[in-house]
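Quick look at data00.cif (mmCIF, C-alpha atoms and all ligand atoms):
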data_protein
#
loop_
_atom_site.label_atom_id
_atom_site.label_comp_id
_atom_site.auth_asym_id
_atom_site.auth_seq_id
_atom_site.Cartn_x
_atom_site.Cartn_y
_atom_site.Cartn_z
CA MET A 1 83.60 169.77 145.60
CA GLN A 2 81.76 168.57 148.69
CA ASN A 3 79.51 166.44 146.49
CA LEU A 4 82.44 164.60 144.99
CA GLU A 5 83.77 163.69 148.46
CA GLU A 6 80.30 162.53 149.48
CA ALA A 7 79.99 160.50 146.27
CA ILE A 8 83.28 158.73 146.97
CA GLN A 9 82.26 157.84 150.52
CA LEU A 10 78.85 156.57 149.47
CA LEU A 11 80.30 154.42 146.67
CA LYS A 12 83.00 152.98 148.96
CA ASN A 13 80.21 151.91 151.31
CA ASP A 14 78.35 150.05 148.55
CA ASN A 15 75.70 152.73 148.10
CA ILE A 16 74.22 153.71 144.74
CA ILE A 17 74.34 157.27 143.45
CA ALA A 18 73.29 158.95 140.21
CA ILE A 19 76.12 160.18 137.99
CA PRO A 20 76.12 162.38 134.90
CA THR A 21 77.63 161.13 131.66
CA GLU A 22 77.64 162.61 128.19
CA THR A 23 75.00 160.07 127.07
CA VAL A 24 72.37 159.84 129.84
CA TYR A 25 72.50 159.83 133.65
CA GLY A 26 73.55 156.55 135.27
CA LEU A 27 72.80 154.71 138.52
CA ALA A 28 76.31 153.87 139.67
CA GLY A 29 77.76 151.38 142.13
CA ASN A 30 81.06 149.53 142.73
CA ALA A 31 81.38 147.06 139.85
CA PHE A 32 83.48 144.72 142.03
CA SER A 33 80.83 144.53 144.75
CA ASP A 34 78.00 142.03 144.33
CA ASN A 35 76.10 143.82 147.03
CA ALA A 36 76.23 147.20 145.26
CA VAL A 37 75.40 145.67 141.88
CA LYS A 38 72.34 143.91 143.29
CA LYS A 39 71.13 147.22 144.71
CA ILE A 40 71.28 148.76 141.21
CA PHE A 41 69.15 145.98 139.72
CA ARG A 42 66.57 146.32 142.52
CA LEU A 43 66.41 150.08 142.30
CA LYS A 44 65.80 149.98 138.55
CA ASN A 45 63.55 146.97 138.71
CA ARG A 46 65.80 145.61 135.98
CA PRO A 47 65.56 141.94 135.02
CA TRP A 48 68.58 140.00 136.34
CA ASN A 49 69.42 138.73 132.85
CA ASN A 50 70.21 142.21 131.51
CA PRO A 51 73.88 143.08 132.06
CA LEU A 52 75.29 146.47 133.09
CA ILE A 53 77.97 148.61 131.46
CA VAL A 54 81.17 148.99 133.48
CA HIS A 55 82.67 152.50 133.46
CA ILE A 56 86.40 152.99 133.82
CA GLY A 57 88.51 156.14 134.12
CA SER A 58 91.46 155.20 131.92
CA LEU A 59 92.47 152.76 129.22
CA ASN A 60 94.99 151.11 131.59
CA GLU A 61 92.14 149.66 133.60
CA LEU A 62 90.83 147.66 130.66
CA ASP A 63 93.28 144.79 131.20
CA SER A 64 92.03 144.28 134.75
CA LEU A 65 88.50 143.60 133.48
CA ALA A 66 88.91 141.89 130.12
CA LYS A 67 91.08 139.26 128.45
CA ASP A 68 91.92 138.24 124.85
CA ILE A 69 91.25 141.80 123.76
CA PRO A 70 91.33 142.06 119.92
CA GLU A 71 93.65 144.68 118.41
CA VAL A 72 90.65 146.29 116.75
CA ALA A 73 89.07 146.85 120.18
CA TYR A 74 92.10 148.88 121.27
CA HIS A 75 91.84 150.78 118.03
CA LEU A 76 88.18 151.63 118.69
CA ALA A 77 88.88 152.50 122.32
CA SER A 78 91.74 154.82 121.50
CA THR A 79 89.66 156.49 118.79
CA PHE A 80 86.43 157.05 120.70
CA TRP A 81 87.29 157.07 124.44
CA PRO A 82 86.44 158.95 126.51
CA GLY A 83 83.16 158.83 124.64
CA PRO A 84 79.86 157.12 123.90
CA LEU A 85 81.17 153.81 122.57
CA THR A 86 80.71 150.68 124.70
CA ILE A 87 82.89 147.69 123.84
CA ILE A 88 81.98 144.10 124.72
CA LEU A 89 84.96 141.90 125.61
CA LYS A 90 85.68 138.55 127.25
CA LYS A 91 85.56 139.13 130.99
CA LYS A 92 88.11 138.30 133.64
CA ASP A 93 86.97 136.43 136.76
CA LYS A 94 87.32 139.53 138.88
CA VAL A 95 84.18 141.01 137.28
CA ALA A 96 81.16 139.83 139.24
CA LYS A 97 78.72 137.60 137.35
CA THR A 98 75.88 139.79 138.61
CA VAL A 99 77.27 142.71 136.53
CA THR A 100 77.35 140.65 133.35
CA ALA A 101 74.13 138.77 134.11
CA GLY A 102 75.98 135.47 133.92
CA LEU A 103 77.56 136.18 130.52
CA ASP A 104 81.27 135.58 130.03
CA THR A 105 81.59 138.99 128.39
CA VAL A 106 81.74 142.44 129.94
CA ALA A 107 80.67 145.77 128.43
CA VAL A 108 83.12 148.62 129.12
CA ARG A 109 83.56 152.29 128.32
CA ILE A 110 85.21 155.50 129.49
CA PRO A 111 82.48 158.14 129.80
CA ASP A 112 83.19 161.68 128.65
CA HIS A 113 81.99 163.85 131.50
CA PRO A 114 84.42 165.95 133.57
CA LEU A 115 82.71 165.32 136.93
CA THR A 116 82.40 161.57 136.45
CA LEU A 117 85.94 161.30 135.11
CA LYS A 118 87.15 163.07 138.25
CA LEU A 119 85.13 160.66 140.36
CA LEU A 120 86.50 157.59 138.55
CA GLU A 121 90.03 158.89 138.96
CA ARG A 122 89.55 159.02 142.74
CA LEU A 123 88.10 155.49 143.05
CA ASP A 124 90.07 152.26 143.03
CA PHE A 125 87.20 150.33 141.46
CA PRO A 126 85.17 150.79 138.25
CA LEU A 127 81.50 151.80 138.28
CA ALA A 128 78.71 149.61 137.01
CA ALA A 129 76.04 151.99 135.78
CA PRO A 130 72.89 151.45 133.74
CA SER A 131 70.72 154.40 132.75
CA ALA A 132 69.02 156.16 135.65
CA ASN A 133 65.41 155.30 134.90
CA PRO A 134 63.05 152.55 136.03
CA PHE A 135 63.35 149.61 133.65
CA GLY A 136 61.57 150.27 130.36
CA SER A 137 60.88 153.98 130.85
CA ILE A 138 62.43 157.09 129.27
CA SER A 139 66.11 157.61 130.09
CA SER A 140 67.20 160.65 132.09
CA SER A 141 69.21 163.35 130.37
CA ARG A 142 68.84 165.90 133.21
CA ALA A 143 69.32 165.58 136.97
CA GLU A 144 65.69 166.59 137.46
CA HIS A 145 64.53 163.53 135.49
CA VAL A 146 66.47 161.29 137.90
CA GLU A 147 65.00 163.14 140.85
CA ASN A 148 61.47 162.66 139.55
CA TYR A 149 62.05 158.92 139.24
CA PHE A 150 64.11 158.18 142.37
CA LYS A 151 63.58 161.11 144.80
CA ASP A 152 63.53 159.18 148.04
CA GLN A 153 65.63 156.22 147.03
CA LEU A 154 68.99 157.82 146.27
CA ASP A 155 71.41 159.40 148.76
CA LEU A 156 72.99 161.55 146.09
CA ILE A 157 72.40 162.76 142.55
CA LEU A 158 75.55 164.34 141.15
CA ASP A 159 74.24 167.14 138.95
CA GLY A 160 76.45 167.55 135.91
CA GLY A 161 73.98 169.56 133.86
CA GLU A 162 72.13 168.38 130.78
CA CYS A 163 73.78 165.46 128.99
CA THR A 164 75.58 166.73 125.89
CA LYS A 165 74.86 163.67 123.70
CA GLY A 166 71.43 162.80 125.09
CA ILE A 167 71.07 159.21 123.85
CA GLU A 168 72.73 155.97 124.97
CA SER A 169 76.17 154.77 123.91
CA THR A 170 76.68 152.71 120.78
CA ILE A 171 77.52 149.09 121.69
CA ILE A 172 80.06 147.10 119.67
CA GLY A 173 81.13 143.50 120.29
CA PHE A 174 83.05 140.91 118.27
CA ASP A 175 82.24 137.53 116.74
CA GLN A 176 84.49 134.41 116.92
CA ASN A 177 86.62 135.83 114.12
CA GLU A 178 87.06 139.12 115.94
CA GLU A 179 84.83 140.85 113.38
CA PRO A 180 82.96 143.83 114.88
CA VAL A 181 79.23 143.48 115.54
CA LEU A 182 76.80 146.28 116.38
CA TYR A 183 74.67 145.39 119.43
CA ARG A 184 72.94 148.71 119.90
CA HIS A 185 72.63 151.90 117.87
CA GLY A 186 73.66 154.92 119.89
CA SER A 187 75.38 158.20 120.08
CA ILE A 188 78.23 157.34 117.71
CA SER A 189 76.81 156.63 114.27
CA LEU A 190 77.39 153.31 112.53
CA GLU A 191 79.11 155.27 109.75
CA GLN A 192 81.62 156.71 112.26
CA VAL A 193 82.47 153.24 113.56
CA GLU A 194 82.76 151.83 110.04
CA GLU A 195 85.20 154.58 109.11
CA ILE A 196 87.57 153.08 111.67
CA VAL A 197 86.97 149.33 111.36
CA GLY A 198 85.31 148.77 107.98
CA GLU A 199 81.95 147.05 107.62
CA VAL A 200 80.16 146.20 110.87
CA LYS A 201 77.59 143.40 111.08
CA ILE A 202 74.32 144.12 112.87
CA PHE A 203 73.61 141.71 115.71
CA ASN A 204 70.58 139.59 114.93
CA GLN A 205 68.81 138.47 118.03
CA SER A 206 66.18 136.29 116.38
CA GLY A 207 65.05 133.64 118.81
CA LYS A 208 67.72 134.44 121.37
CA ARG A 209 67.22 136.09 124.71
CA PRO A 210 67.99 139.80 124.49
CA ILE A 211 71.44 140.45 125.84
CA ALA A 212 71.04 144.19 125.77
CA PRO A 213 67.88 145.83 127.16
CA GLY A 214 68.37 148.43 124.47
CA MET A 215 67.48 145.55 122.14
CA LEU A 216 64.15 144.79 123.73
CA PRO A 217 61.25 145.59 121.44
CA LYS A 218 59.80 147.84 124.19
CA HIS A 219 62.11 150.26 125.97
CA TYR A 220 62.57 153.98 126.60
CA SER A 221 58.78 154.39 126.67
CA PRO A 222 56.65 157.32 127.84
CA GLU A 223 53.56 156.49 129.90
CA THR A 224 51.40 158.20 127.30
CA ILE A 225 50.44 155.97 124.40
CA SER A 226 52.80 156.80 121.54
CA PHE A 227 52.93 156.19 117.81
CA LEU A 228 55.72 156.33 115.25
CA THR A 229 54.84 157.57 111.79
CA ASP A 230 56.34 158.95 108.61
CA ASP A 231 53.09 160.77 107.82
CA VAL A 232 52.40 163.05 110.78
CA LEU A 233 49.30 164.75 109.37
CA LYS A 234 47.62 161.49 108.49
CA THR A 235 48.24 160.11 111.99
CA VAL A 236 47.07 163.34 113.66
CA ASN A 237 43.80 163.01 111.77
CA LEU A 238 43.14 159.72 113.54
CA PHE A 239 42.96 161.63 116.84
CA LYS A 240 40.34 164.31 116.10
CA GLY A 241 39.08 165.89 119.34
CA LYS A 242 41.91 164.37 121.41
CA LYS A 243 44.83 166.06 123.13
CA VAL A 244 47.84 165.11 121.04
CA GLY A 245 51.56 165.90 121.29
CA LEU A 246 53.99 165.86 118.39
CA LEU A 247 57.70 165.01 118.57
CA LEU A 248 59.11 166.42 115.33
CA PHE A 249 62.52 166.51 113.66
CA LYS A 250 62.85 170.07 112.32
CA GLU A 251 59.55 171.73 111.46
CA LYS A 252 56.44 172.60 113.38
CA ARG A 253 53.14 172.00 111.65
CA PRO A 254 51.67 175.55 111.66
CA ASN A 255 48.23 174.42 110.56
CA LEU A 256 47.81 172.43 113.80
CA PRO A 257 47.83 175.23 116.40
CA LEU A 258 46.16 173.38 119.25
CA ILE A 259 48.53 170.48 119.27
CA HIS A 260 51.54 170.56 121.56
CA GLN A 261 54.61 170.40 119.34
CA GLU A 262 58.25 169.71 120.22
CA VAL A 263 60.85 170.32 117.49
CA LEU A 264 64.16 168.53 118.10
CA SER A 265 66.42 170.56 115.82
CA LYS A 266 65.27 173.56 113.78
CA SER A 267 68.44 173.36 111.67
CA GLY A 268 67.98 169.64 111.00
CA ASN A 269 71.10 168.67 112.93
CA TYR A 270 71.04 165.04 114.09
CA SER A 271 73.33 165.54 117.11
CA GLU A 272 71.16 168.39 118.36
CA ALA A 273 68.04 166.28 117.83
CA ALA A 274 69.56 163.39 119.81
CA LYS A 275 70.53 165.73 122.64
CA ASN A 276 66.96 167.03 122.87
CA LEU A 277 65.19 163.70 122.33
CA TYR A 278 64.56 162.53 125.91
CA VAL A 279 64.10 166.06 127.28
CA ALA A 280 61.28 166.61 124.80
CA MET A 281 59.83 163.14 125.40
CA HIS A 282 59.73 163.74 129.18
CA ARG A 283 58.10 167.14 128.63
CA LEU A 284 55.39 165.67 126.40
CA ASP A 285 54.80 162.78 128.79
CA GLN A 286 54.19 165.22 131.66
CA LYS A 287 51.40 166.98 129.76
CA LYS A 288 49.05 164.07 130.32
CA LEU A 289 48.03 163.96 126.67
CA ASP A 290 45.83 161.35 125.01
CA ALA A 291 48.60 160.39 122.61
CA ILE A 292 52.08 161.32 121.42
CA ILE A 293 53.05 161.06 117.77
CA PHE A 294 56.73 160.64 116.87
CA GLU A 295 57.91 161.70 113.44
CA LYS A 296 60.21 159.13 111.86
CA PHE A 297 63.74 160.40 111.02
CA PRO A 298 65.65 159.83 107.78
CA GLU A 299 67.52 156.48 108.07
CA GLU A 300 71.01 157.99 107.97
CA ASP A 301 73.68 159.07 110.41
CA LEU A 302 72.26 159.46 113.95
CA GLY A 303 68.78 159.35 112.41
CA LYS A 304 69.18 155.55 112.57
CA ALA A 305 69.85 155.59 116.32
CA ILE A 306 67.02 158.07 116.94
CA ASN A 307 64.59 155.92 114.92
CA ASP A 308 65.73 152.88 116.88
CA LYS A 309 64.87 154.64 120.18
CA LEU A 310 61.58 155.95 118.78
CA ARG A 311 60.58 152.52 117.49
CA ARG A 312 61.09 150.97 120.91
CA ALA A 313 59.47 153.90 122.73
CA ALA A 314 56.36 153.80 120.55
CA HIS A 315 53.48 151.56 121.56
CA ALA A 316 52.53 151.09 117.92
CA ALA A 317 53.69 152.02 114.47
CA GLN A 318 51.37 153.85 112.09
P1 LIG B 1 71.86 151.01 129.80
O1 LIG B 1 72.97 151.51 130.64
O2 LIG B 1 70.53 151.11 130.45
O3 LIG B 1 71.92 151.65 128.45
O4 LIG B 1 72.10 149.48 129.57
C1 LIG B 1 73.38 148.97 129.31
C2 LIG B 1 73.42 148.29 127.99
O5 LIG B 1 74.62 147.53 127.79
C3 LIG B 1 72.32 147.30 127.89
O6 LIG B 1 71.75 147.38 126.61
C4 LIG B 1 73.04 146.00 128.20
O7 LIG B 1 72.35 144.85 127.86
C5 LIG B 1 74.30 146.18 127.44
N1 LIG B 1 75.30 145.22 127.86
C6 LIG B 1 75.98 145.22 129.01
N2 LIG B 1 76.81 144.14 129.08
C7 LIG B 1 76.64 143.44 127.94
C8 LIG B 1 77.22 142.24 127.43
N3 LIG B 1 78.12 141.56 128.10
N4 LIG B 1 76.78 141.82 126.23
C9 LIG B 1 75.86 142.54 125.55
N5 LIG B 1 75.29 143.68 125.98
C10 LIG B 1 75.66 144.14 127.16
MG MG B 2 68.64 152.00 129.70
#

Show how you would write the structure in this file as structure tokens.
Amino acid sequence: MQNLEEAIQLLKNDNIIAIPTETVYGLAGNAFSDNAVKKIFRLKNRPWNNPLIVHIGSLNELDSLAKDIPEVAYHLASTFWPGPLTIILKKKDKVAKTVTAGLDTVAVRIPDHPLTLKLLERLDFPLAAPSANPFGSISSSRAEHVENYFKDQLDLILDGGECTKGIESTIIGFDQNEEPVLYRHGSISLEQVEEIVGEVKIFNQSGKRPIAPGMLPKHYSPETISFLTDDVLKTVNLFKGKKVGLLLFKEKRPNLPLIHQEVLSKSGNYSEAAKNLYVAMHRLDQKKLDAIIFEKFPEEDLGKAINDKLRRAAHAAQ
């Protein structure tokens, strides 16, 4: 466990390291240190008005970060933690304003990854950690993705294998009446959350500044120009003579042999598709194609979250 010891030392000295989680890899630093938090923003080239998620190792730590916590928040936390649900709560003063980008709320979760849980247990501060990718580009679901992005800029990448969930956490906050609000689709489906808390409103950001980068119209994007479509063949036909890649839900298109095709789940399983989503997107992006075409998913279960990512990753809809 040499790496774990090294990770602890680096973090205590305000350095940033990459950590594995079950969702995507994170760029982690001491959430109580302004200095460390600023380094994360710089490294990612992340706008200062986009807050970070704070990762804790146990439910007991929640009270040190947040106040006026609604009962329903505890209910959600005890149901889904450790796991891919981020909860937005009123922050205590102790949480640096840099972490929350000046907001008076803080986003918190307990990640479900054995290595990172061990690390959090050994630290006496929580970890602020956004996804380990330059702002706007595809998230990293393997250590090698992080290495490709940040080779020379990180002292340590803790390799915890491929992320088991593969897409970001679901973000839930509360309105003035303590009613739950969905801020970002993610790895726990809306249906799963609603089973616990009843109907959840969808946050409507019209006219407001985005308070979650996952809400920006452009995010998670490959460098290759990409299109989202529910009619793959029709869209492919627009690119005759070009090198095209397809990102498909469950079936290859056998009549298109020259096109590079990535199938996310042969059995049509949404969780498997989510797990493979960014791996396949990175692979297609590295092929230096003329275009990538994403097949739209059914709007149900995790298909909603996957479509949300695809919509933001695509440069245009077809
Ligand atoms: P990332 O780790 O890259 O998925 O980014 C963290 C996500 O959590 C972003 O979408 C943030 O904007 C969101 N987030 C963090 N803190 C808050 C907050 N206080 N209110 C709303 N969203 C937040
Ligand atoms: Mg991100």

- Selected residue, from A:Lys67, A:Lys118, A:Lys38, A:Lys304, that lies nearest to A:Ala101 when counting all atoms listed in the file: A:Lys38

- Query: Which residues, written as an NGL selection string, have at least one atom at most 9 Å from A:Glu295, with all atoms listed in the file counted and residues fewer than 5 positions away on the same chain left out?
  - Reply: :A and (227-232 or 246-249 or 307 or 310)

- Which is closer to ligand LIG 1 (chain B) than all the others in A:Ala273, A:Leu154, A:Leu65, A:Leu258, using all atoms listed in the file?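 Closest residue, counting all atoms listed in the file: A:Leu65.
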
- Kindly compile the residues surrounding ligand MG 2 (chain B) within 12 Å, counting only C-alpha atoms and all ligand atoms, and format them as an MDAnalysis selection string. chainID A and resid 23:27 41 44:47 50:53 129:141 167:169 184 186 212:216 218:221 278 309 312:313

- Point (91.9, 147.7, 144.8) neighbourhood (12 Å, all atoms listed in the file) written as a ChimeraX atom specification: /A:12,30-33,61,64,94,122-126

- Please provide as a PyMOL selection string all residues within 6 Å of A:Ile87, with the sequence filter that same-chain residues fewer than 3 positions apart are discarded (counting all atoms listed in the file). chain A and resi 107-108+171-173

- So, counting all atoms listed in the file, which residue among A:Glu147, A:Gln176, A:Phe294, A:Val236 is closest to A:Val263? A:Phe294

Could you rebuild stretch 40-51 of chain A with all heavy atoms and give me the result as a CSV table (one decimal), keeping the file's coordinate frame?
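result30.csv was written with the following content:
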chain,number,residue,atom,x,y,z
A,40,ILE,N,71.6,148.1,142.5
A,40,ILE,CA,71.3,148.8,141.2
A,40,ILE,C,70.1,148.1,140.5
A,40,ILE,O,69.1,148.7,140.1
A,40,ILE,CB,72.5,148.8,140.2
A,40,ILE,CG1,73.7,149.6,140.8
A,40,ILE,CG2,72.1,149.4,138.9
A,40,ILE,CD1,74.9,149.5,140.0
A,41,PHE,N,70.2,146.7,140.4
A,41,PHE,CA,69.2,146.0,139.7
A,41,PHE,C,67.8,146.2,140.4
A,41,PHE,O,66.8,146.4,139.8
A,41,PHE,CB,69.5,144.5,139.7
A,41,PHE,CG,70.4,144.1,138.6
A,41,PHE,CD1,71.8,144.1,138.7
A,41,PHE,CD2,69.8,143.7,137.4
A,41,PHE,CE1,72.6,143.7,137.7
A,41,PHE,CE2,70.6,143.3,136.3
A,41,PHE,CZ,72.0,143.3,136.4
A,42,ARG,N,67.8,146.2,141.8
A,42,ARG,CA,66.6,146.3,142.5
A,42,ARG,C,66.0,147.7,142.3
A,42,ARG,O,64.8,147.9,142.1
A,42,ARG,CB,66.8,146.1,144.0
A,42,ARG,CG,66.7,144.6,144.3
A,42,ARG,CD,66.7,144.3,145.8
A,42,ARG,NE,67.7,143.3,146.1
A,42,ARG,CZ,68.8,143.5,146.8
A,42,ARG,NH1,69.1,144.7,147.3
A,42,ARG,NH2,69.6,142.5,147.0
A,43,LEU,N,66.9,148.7,142.4
A,43,LEU,CA,66.4,150.1,142.3
A,43,LEU,C,65.7,150.3,141.0
A,43,LEU,O,64.7,151.0,140.8
A,43,LEU,CB,67.6,151.0,142.4
A,43,LEU,CG,67.5,152.4,142.8
A,43,LEU,CD1,66.7,152.6,144.1
A,43,LEU,CD2,68.9,153.1,142.9
A,44,LYS,N,66.3,149.8,139.9
A,44,LYS,CA,65.8,150.0,138.6
A,44,LYS,C,64.7,149.0,138.2
A,44,LYS,O,64.0,149.2,137.2
A,44,LYS,CB,66.9,149.7,137.6
A,44,LYS,CG,67.5,150.9,136.9
A,44,LYS,CD,68.4,150.5,135.8
A,44,LYS,CE,67.7,150.3,134.5
A,44,LYS,NZ,67.8,151.5,133.6
A,45,ASN,N,64.5,148.0,139.1
A,45,ASN,CA,63.6,147.0,138.7
A,45,ASN,C,64.0,146.3,137.4
A,45,ASN,O,63.1,146.0,136.5
A,45,ASN,CB,62.1,147.5,138.6
A,45,ASN,CG,61.1,146.4,138.7
A,45,ASN,OD1,61.4,145.3,139.2
A,45,ASN,ND2,59.9,146.7,138.3
A,46,ARG,N,65.3,146.1,137.2
A,46,ARG,CA,65.8,145.6,136.0
A,46,ARG,C,65.9,144.1,136.1
A,46,ARG,O,66.3,143.5,137.1
A,46,ARG,CB,67.2,146.2,135.8
A,46,ARG,CG,67.9,145.8,134.5
A,46,ARG,CD,69.2,146.6,134.5
A,46,ARG,NE,70.1,146.4,133.4
A,46,ARG,CZ,70.4,147.3,132.5
A,46,ARG,NH1,69.7,148.4,132.5
A,46,ARG,NH2,71.3,147.1,131.6
A,47,PRO,N,65.5,143.4,135.0
A,47,PRO,CA,65.6,141.9,135.0
A,47,PRO,C,67.0,141.5,135.2
A,47,PRO,O,67.9,142.1,134.7
A,47,PRO,CB,65.1,141.5,133.6
A,47,PRO,CG,64.3,142.7,133.1
A,47,PRO,CD,64.9,143.9,133.8
A,48,TRP,N,67.2,140.4,136.0
A,48,TRP,CA,68.6,140.0,136.3
A,48,TRP,C,69.4,139.5,135.1
A,48,TRP,O,70.6,139.4,135.2
A,48,TRP,CB,68.5,138.9,137.4
A,48,TRP,CG,67.9,139.3,138.7
A,48,TRP,CD1,66.6,139.2,139.1
A,48,TRP,CD2,68.6,140.1,139.7
A,48,TRP,NE1,66.4,139.8,140.3
A,48,TRP,CE2,67.6,140.4,140.7
A,48,TRP,CE3,69.8,140.6,139.9
A,48,TRP,CZ2,67.9,141.1,141.9
A,48,TRP,CZ3,70.1,141.3,141.1
A,48,TRP,CH2,69.1,141.5,142.0
A,49,ASN,N,68.7,139.2,134.0
A,49,ASN,CA,69.4,138.7,132.8
A,49,ASN,C,69.9,139.8,131.9
A,49,ASN,O,70.3,139.6,130.8
A,49,ASN,CB,68.6,137.7,132.1
A,49,ASN,CG,67.3,138.3,131.5
A,49,ASN,OD1,67.0,139.4,131.7
A,49,ASN,ND2,66.6,137.5,130.7
A,50,ASN,N,69.8,141.1,132.4
A,50,ASN,CA,70.2,142.2,131.5
A,50,ASN,C,71.5,142.9,132.1
A,50,ASN,O,71.4,143.6,133.1
A,50,ASN,CB,69.1,143.3,131.4
A,50,ASN,CG,68.1,142.9,130.3
A,50,ASN,OD1,68.5,142.3,129.3
A,50,ASN,ND2,66.8,143.1,130.6
A,51,PRO,N,72.6,142.6,131.5
A,51,PRO,CA,73.9,143.1,132.1
A,51,PRO,C,74.1,144.6,132.1
A,51,PRO,O,73.4,145.3,131.4
A,51,PRO,CB,74.9,142.4,131.1
A,51,PRO,CG,74.2,142.2,129.8
A,51,PRO,CD,72.8,142.0,130.2
